[in-house]
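Asks: To be precise about what I am sending: the file is called model04.cif and holds mmCIF, C-alpha atoms and all ligand atoms; chains and numbers go by the auth columns.
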```
data_coords
#
loop_
_atom_site.group_PDB
_atom_site.id
_atom_site.type_symbol
_atom_site.label_atom_id
_atom_site.label_comp_id
_atom_site.label_asym_id
_atom_site.label_seq_id
_atom_site.Cartn_x
_atom_site.Cartn_y
_atom_site.Cartn_z
_atom_site.B_iso_or_equiv
_atom_site.auth_seq_id
_atom_site.auth_asym_id
ATOM 1 C CA MET A 1 17.244 -17.838 0.642 0.00 7 A
ATOM 2 C CA ALA A 2 15.253 -15.489 -1.506 0.00 8 A
ATOM 3 C CA ALA A 3 16.445 -12.009 -2.363 0.00 9 A
ATOM 4 C CA LYS A 4 16.114 -9.435 0.363 0.00 10 A
ATOM 5 C CA MET A 5 12.720 -7.828 0.273 0.00 11 A
ATOM 6 C CA ARG A 6 11.870 -4.209 0.719 0.00 12 A
ATOM 7 C CA CYS A 7 8.779 -2.555 2.093 0.00 13 A
ATOM 8 C CA VAL A 8 7.302 -0.419 -0.683 0.00 14 A
ATOM 9 C CA LEU A 9 4.755 1.195 1.626 0.00 15 A
ATOM 10 C CA HIS A 10 7.256 2.226 4.201 0.00 16 A
ATOM 11 C CA ASP A 11 6.564 4.731 6.892 0.00 17 A
ATOM 12 C CA ALA A 12 9.859 5.791 8.463 0.00 18 A
ATOM 13 C CA SER A 13 8.491 5.424 11.978 0.00 19 A
ATOM 14 C CA ASN A 14 8.175 1.674 11.548 0.00 20 A
ATOM 15 C CA ASN A 15 11.282 -0.305 12.446 0.00 21 A
ATOM 16 C CA SER A 16 9.887 -3.758 12.001 0.00 22 A
ATOM 17 C CA ASP A 17 11.983 -6.346 10.193 0.00 23 A
ATOM 18 C CA ASP A 18 9.157 -8.611 9.243 0.00 24 A
ATOM 19 C CA ILE A 19 8.400 -7.951 5.572 0.00 25 A
ATOM 20 C CA LYS A 20 5.691 -9.961 3.918 0.00 26 A
ATOM 21 C CA PRO A 21 5.434 -10.741 0.220 0.00 27 A
ATOM 22 C CA PHE A 22 2.517 -9.289 -1.699 0.00 28 A
ATOM 23 C CA THR A 23 -0.435 -11.317 -2.798 0.00 29 A
ATOM 24 C CA ASN A 24 -2.548 -10.205 -5.739 0.00 30 A
ATOM 25 C CA GLU A 25 -5.295 -9.319 -3.336 0.00 31 A
ATOM 26 C CA ALA A 26 -3.065 -7.204 -1.115 0.00 32 A
ATOM 27 C CA TRP A 27 -1.610 -5.496 -4.165 0.00 33 A
ATOM 28 C CA GLU A 28 -5.083 -4.634 -5.485 0.00 34 A
ATOM 29 C CA LYS A 29 -5.887 -2.922 -2.218 0.00 35 A
ATOM 30 C CA VAL A 30 -2.661 -0.956 -2.358 0.00 36 A
ATOM 31 C CA LYS A 31 -3.428 0.221 -5.880 0.00 37 A
ATOM 32 C CA ILE A 32 -6.893 1.316 -4.839 0.00 38 A
ATOM 33 C CA ALA A 33 -5.489 3.132 -1.817 0.00 39 A
ATOM 34 C CA LYS A 34 -2.885 4.807 -3.991 0.00 40 A
ATOM 35 C CA GLN A 35 -5.493 6.020 -6.448 0.00 41 A
ATOM 36 C CA TYR A 36 -7.591 7.285 -3.620 0.00 42 A
ATOM 37 C CA ARG A 37 -4.634 9.170 -2.200 0.00 43 A
ATOM 38 C CA LEU A 38 -3.725 10.624 -5.592 0.00 44 A
ATOM 39 C CA SER A 39 -7.265 11.895 -5.996 0.00 45 A
ATOM 40 C CA LYS A 40 -6.866 14.106 -2.946 0.00 46 A
ATOM 41 C CA PRO A 41 -5.848 17.712 -3.682 0.00 47 A
ATOM 42 C CA PHE A 42 -3.141 17.768 -1.036 0.00 48 A
ATOM 43 C CA TRP A 43 -1.674 14.322 -1.513 0.00 49 A
ATOM 44 C CA LEU A 44 1.760 15.786 -2.309 0.00 50 A
ATOM 45 C CA THR A 45 2.053 17.026 1.246 0.00 51 A
ATOM 46 C CA SER A 46 1.061 13.706 2.735 0.00 52 A
ATOM 47 C CA LYS A 47 3.731 11.532 4.277 0.00 53 A
ATOM 48 C CA TYR A 48 2.872 8.940 1.663 0.00 54 A
ATOM 49 C CA ALA A 49 3.590 11.172 -1.308 0.00 55 A
ATOM 50 C CA ASP A 50 6.953 9.480 -1.863 0.00 56 A
ATOM 51 C CA VAL A 51 5.464 6.059 -1.390 0.00 57 A
ATOM 52 C CA CYS A 52 2.855 6.827 -4.043 0.00 58 A
ATOM 53 C CA LYS A 53 5.447 8.250 -6.423 0.00 59 A
ATOM 54 C CA ASN A 54 7.786 5.295 -6.033 0.00 60 A
ATOM 55 C CA LEU A 55 5.207 2.578 -6.086 0.00 61 A
ATOM 56 C CA PRO A 56 5.788 0.300 -9.090 0.00 62 A
ATOM 57 C CA ASP A 57 2.931 -0.549 -11.452 0.00 63 A
ATOM 58 C CA ASP A 58 3.273 -4.157 -10.547 0.00 64 A
ATOM 59 C CA PHE A 59 4.934 -5.862 -7.637 0.00 65 A
ATOM 60 C CA SER A 60 8.092 -7.889 -8.076 0.00 66 A
ATOM 61 C CA LEU A 61 9.630 -10.641 -6.009 0.00 67 A
ATOM 62 C CA ILE A 62 11.488 -8.217 -3.793 0.00 68 A
ATOM 63 C CA ASP A 63 8.486 -5.990 -3.168 0.00 69 A
ATOM 64 C CA GLY A 64 6.824 -6.601 0.136 0.00 70 A
ATOM 65 C CA TYR A 65 5.337 -4.748 3.039 0.00 71 A
ATOM 66 C CA HIS A 66 5.322 -4.471 6.794 0.00 72 A
ATOM 67 C CA SER A 67 1.873 -5.299 8.034 0.00 73 A
ATOM 68 C CA ASP A 68 1.750 -2.006 9.929 0.00 74 A
ATOM 69 C CA CYS A 69 2.833 0.006 6.901 0.00 75 A
ATOM 70 C CA TYR A 70 0.241 -1.806 4.827 0.00 76 A
ATOM 71 C CA LYS A 71 -2.472 -1.150 7.352 0.00 77 A
ATOM 72 C CA ASN A 72 -1.654 2.550 7.496 0.00 78 A
ATOM 73 C CA PHE A 73 -1.328 2.962 3.766 0.00 79 A
ATOM 74 C CA THR A 74 -4.609 1.261 2.960 0.00 80 A
ATOM 75 C CA ALA A 75 -6.479 3.032 5.752 0.00 81 A
ATOM 76 C CA VAL A 76 -8.091 5.549 3.452 0.00 82 A
ATOM 77 C CA GLY A 77 -11.715 5.208 4.376 0.00 83 A
ATOM 78 C CA LYS A 78 -14.336 3.048 2.769 0.00 84 A
ATOM 79 C CA ILE A 79 -12.195 1.423 0.126 0.00 85 A
ATOM 80 C CA THR A 80 -13.930 -1.885 0.012 0.00 86 A
ATOM 81 C CA LYS A 81 -17.402 -0.438 0.267 0.00 87 A
ATOM 82 C CA GLN A 82 -17.045 2.018 -2.593 0.00 88 A
ATOM 83 C CA ASN A 83 -15.156 -0.218 -4.953 0.00 89 A
ATOM 84 C CA HIS A 84 -16.636 -3.626 -4.354 0.00 90 A
ATOM 85 C CA SER A 85 -20.360 -3.312 -4.196 0.00 91 A
ATOM 86 C CA GLU A 86 -20.783 -7.085 -4.468 0.00 92 A
ATOM 87 C CA THR A 87 -20.211 -7.405 -0.729 0.00 93 A
ATOM 88 C CA GLU A 88 -22.911 -5.006 0.314 0.00 94 A
ATOM 89 C CA LYS A 89 -26.090 -6.299 1.844 0.00 95 A
HETATM 90 ZN ZN ZN B . 7.492 -0.644 6.069 0.00 101 B
#
```
Mind turning the file's structure into C-alpha cells?
Ligand SMILES: [Zn+2]
Replies:
Amino acid sequence: MAAKMRCVLHDASNNSDDIKPFTNEAWEKVKIAKQYRLSKPFWLTSKYADVCKNLPDDFSLIDGYHSDCYKNFTAVGKITKQNHSETEK
C-alpha cells in the first residue's frame, strides 16, 4: 500500500476518511483559491488561514484532499471565470 495520505485542505468539521490524491488540475485550482484567499484583507481570521499557511508549494505523494474539504476551499467565487477566459462565450 502507498504511504498514508493527509488532507492538506482540511476543515476540522469533516470526519471523512476518503482522501483523494491530487491531480495537476485540482492542484491548480487550489493554488488559485489560495491566492484569492490571501488577497483578502481578513484572510488571517478565516478558518482557512492555517490551511493557506501550511499549504506546500507543490503537492507530494502523501498530499491529498477530502472532496468536501476541496469543494469548500475552492469555493471562492468566480475562480474559473476570472482566471480562464478561454472558456467564456
Ligand atoms: Zn479534509
Asks: Name the residues, by chain letter and number, that sit within 9 Å of ligand ZN 101 (chain B) using only C-alpha atoms and all ligand atoms, and give them as a short mmCIF file (atom, residue, chain, number, x, y, z; two decimals) with C-alpha atoms, in the frame of the given file.
Replies:
```cif
data_model
loop_
_atom_site.label_atom_id
_atom_site.label_comp_id
_atom_site.auth_asym_id
_atom_site.auth_seq_id
_atom_site.Cartn_x
_atom_site.Cartn_y
_atom_site.Cartn_z
CA ARG A 12 11.87 -4.21 0.72
CA CYS A 13 8.78 -2.56 2.09
CA VAL A 14 7.30 -0.42 -0.68
CA LEU A 15 4.76 1.20 1.63
CA HIS A 16 7.26 2.23 4.20
CA ASP A 17 6.56 4.73 6.89
CA ALA A 18 9.86 5.79 8.46
CA SER A 19 8.49 5.42 11.98
CA ASN A 20 8.18 1.67 11.55
CA ASN A 21 11.28 -0.30 12.45
CA SER A 22 9.89 -3.76 12.00
CA ASP A 23 11.98 -6.35 10.19
CA ASP A 24 9.16 -8.61 9.24
CA ILE A 25 8.40 -7.95 5.57
CA GLY A 70 6.82 -6.60 0.14
CA TYR A 71 5.34 -4.75 3.04
CA HIS A 72 5.32 -4.47 6.79
CA SER A 73 1.87 -5.30 8.03
CA ASP A 74 1.75 -2.01 9.93
CA CYS A 75 2.83 0.01 6.90
CA TYR A 76 0.24 -1.81 4.83
#
```
Asks: Might you pull out every residue within 9 Å of range 46-56 of chain A, with all atoms listed in the file counted and same-chain residues fewer than 2 positions away left off, and present them as a ChimeraX atom specification?
Replies: /A:15-17,41-44,58-61,79
Asks: If I take CA of Trp33 in chain A and CA of Lys10 in chain A, how far is one from the other in Å, to one decimal?
Replies: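 Spanning CA of Trp33 in chain A to CA of Lys10 in chain A is a straight-line distance of 18.7 Å.
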Asks: Interatomic distance between CA of Thr80 in chain A and CA of Ile68 in chain A?
Replies: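 These atoms are spaced 19.9 Å apart.
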Asks: Just checking: using only C-alpha atoms, which residue out of A:Ser45, A:Phe65, A:Glu31, A:Lys26 ends up closest to Met11 in chain A?
Replies: A:Lys26
Asks: Could you please determine the separation between CA of Lys77 in chain A and CA of Lys40 in chain A in Å, to one decimal place?
Replies: 12.8 Å
Asks: Around all the atoms of range 15-18 of chain A listed in the file, draw an axis-aligned box and extend it by 4 Å on each of the six sides; I want its centre and edge lengths in Å to one decimal, as JSON.
Replies:
```
{"center_x": 7.3, "center_y": 3.5, "center_z": 5.0, "size_x": 13.1, "size_y": 12.6, "size_z": 14.8}
```
Asks: Between A:Ala39, A:Ala32, A:Val57, A:Leu67, which residue has the minimum interatomic distance to Ala81 in chain A, considering only C-alpha atoms?
Replies: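 Between A:Ala39, A:Ala32, A:Val57, A:Leu67, the residue approaching Ala81 in chain A most closely is A:Ala39.
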Asks: Let me know the residues the PyMOL selection byres (((chain A and resi 64) around 10) and not hetatm) catches in the file above, as a list of chain:residue names.
Replies: A:Asn30, A:Trp33, A:Glu34, A:Lys37, A:Leu61, A:Pro62, A:Asp63, A:Phe65, A:Ser66, A:Asp69
Asks: Could you give me range 9-42 of chain A completed to N, CA and C atoms, formatted as a tab-separated table (two decimals), keeping the file's coordinate frame?
Replies:
```tsv
chain	number	residue	atom	x	y	z
A	9	ALA	N	15.85	-13.35	-2.40
A	9	ALA	CA	16.44	-12.01	-2.36
A	9	ALA	C	15.84	-11.21	-1.23
A	10	LYS	N	16.59	-10.26	-0.74
A	10	LYS	CA	16.11	-9.44	0.36
A	10	LYS	C	14.95	-8.57	-0.11
A	11	MET	N	13.90	-8.58	0.67
A	11	MET	CA	12.72	-7.83	0.27
A	11	MET	C	12.74	-6.43	0.86
A	12	ARG	N	11.98	-5.58	0.22
A	12	ARG	CA	11.87	-4.21	0.72
A	12	ARG	C	10.40	-3.91	0.95
A	13	CYS	N	10.15	-2.97	1.83
A	13	CYS	CA	8.78	-2.56	2.09
A	13	CYS	C	8.49	-1.36	1.21
A	14	VAL	N	7.57	-1.51	0.26
A	14	VAL	CA	7.30	-0.42	-0.68
A	14	VAL	C	6.28	0.57	-0.14
A	15	LEU	N	5.76	0.29	1.04
A	15	LEU	CA	4.76	1.20	1.63
A	15	LEU	C	5.31	1.86	2.86
A	16	HIS	N	6.64	1.94	2.92
A	16	HIS	CA	7.26	2.23	4.20
A	16	HIS	C	6.98	3.60	4.79
A	17	ASP	N	6.72	3.55	6.07
A	17	ASP	CA	6.56	4.73	6.89
A	17	ASP	C	7.78	4.71	7.82
A	18	ALA	N	8.56	5.78	7.77
A	18	ALA	CA	9.86	5.79	8.46
A	18	ALA	C	9.76	5.50	9.95
A	19	SER	N	8.60	5.65	10.54
A	19	SER	CA	8.49	5.42	11.98
A	19	SER	C	8.39	3.94	12.32
A	20	ASN	N	8.30	3.11	11.31
A	20	ASN	CA	8.18	1.67	11.55
A	20	ASN	C	9.54	1.00	11.42
A	21	ASN	N	9.97	0.34	12.46
A	21	ASN	CA	11.28	-0.30	12.45
A	21	ASN	C	11.20	-1.82	12.36
A	22	SER	N	10.05	-2.31	12.04
A	22	SER	CA	9.89	-3.76	12.00
A	22	SER	C	10.77	-4.39	10.92
A	23	ASP	N	11.16	-5.62	11.15
A	23	ASP	CA	11.98	-6.35	10.19
A	23	ASP	C	11.19	-7.36	9.40
A	24	ASP	N	9.96	-7.53	9.78
A	24	ASP	CA	9.16	-8.61	9.24
A	24	ASP	C	8.41	-8.17	7.99
A	25	ILE	N	9.02	-8.37	6.83
A	25	ILE	CA	8.40	-7.95	5.57
A	25	ILE	C	7.70	-9.13	4.92
A	26	LYS	N	6.47	-8.90	4.55
A	26	LYS	CA	5.69	-9.96	3.92
A	26	LYS	C	5.64	-9.76	2.41
A	27	PRO	N	5.58	-10.86	1.67
A	27	PRO	CA	5.43	-10.74	0.22
A	27	PRO	C	4.01	-10.34	-0.14
A	28	PHE	N	3.85	-9.66	-1.26
A	28	PHE	CA	2.52	-9.29	-1.70
A	28	PHE	C	1.75	-10.48	-2.25
A	29	THR	N	0.46	-10.43	-2.06
A	29	THR	CA	-0.44	-11.32	-2.80
A	29	THR	C	-1.17	-10.42	-3.79
A	30	ASN	N	-1.79	-11.02	-4.78
A	30	ASN	CA	-2.55	-10.20	-5.74
A	30	ASN	C	-3.62	-9.39	-5.04
A	31	GLU	N	-4.22	-9.99	-4.06
A	31	GLU	CA	-5.30	-9.32	-3.34
A	31	GLU	C	-4.77	-8.11	-2.57
A	32	ALA	N	-3.66	-8.31	-1.88
A	32	ALA	CA	-3.06	-7.20	-1.12
A	32	ALA	C	-2.63	-6.10	-2.06
A	33	TRP	N	-2.08	-6.49	-3.20
A	33	TRP	CA	-1.61	-5.50	-4.16
A	33	TRP	C	-2.77	-4.68	-4.72
A	34	GLU	N	-3.89	-5.34	-5.00
A	34	GLU	CA	-5.08	-4.63	-5.48
A	34	GLU	C	-5.49	-3.54	-4.50
A	35	LYS	N	-5.49	-3.88	-3.25
A	35	LYS	CA	-5.89	-2.92	-2.22
A	35	LYS	C	-4.94	-1.73	-2.18
A	36	VAL	N	-3.65	-2.03	-2.36
A	36	VAL	CA	-2.66	-0.96	-2.36
A	36	VAL	C	-2.90	-0.03	-3.54
A	37	LYS	N	-3.19	-0.62	-4.70
A	37	LYS	CA	-3.43	0.22	-5.88
A	37	LYS	C	-4.66	1.11	-5.70
A	38	ILE	N	-5.69	0.54	-5.09
A	38	ILE	CA	-6.89	1.32	-4.84
A	38	ILE	C	-6.59	2.45	-3.85
A	39	ALA	N	-5.85	2.11	-2.82
A	39	ALA	CA	-5.49	3.13	-1.82
A	39	ALA	C	-4.64	4.22	-2.45
A	40	LYS	N	-3.73	3.82	-3.34
A	40	LYS	CA	-2.88	4.81	-3.99
A	40	LYS	C	-3.74	5.76	-4.84
A	41	GLN	N	-4.65	5.18	-5.61
A	41	GLN	CA	-5.49	6.02	-6.45
A	41	GLN	C	-6.33	6.97	-5.63
A	42	TYR	N	-6.81	6.45	-4.51
A	42	TYR	CA	-7.59	7.28	-3.62
A	42	TYR	C	-6.74	8.44	-3.10
```
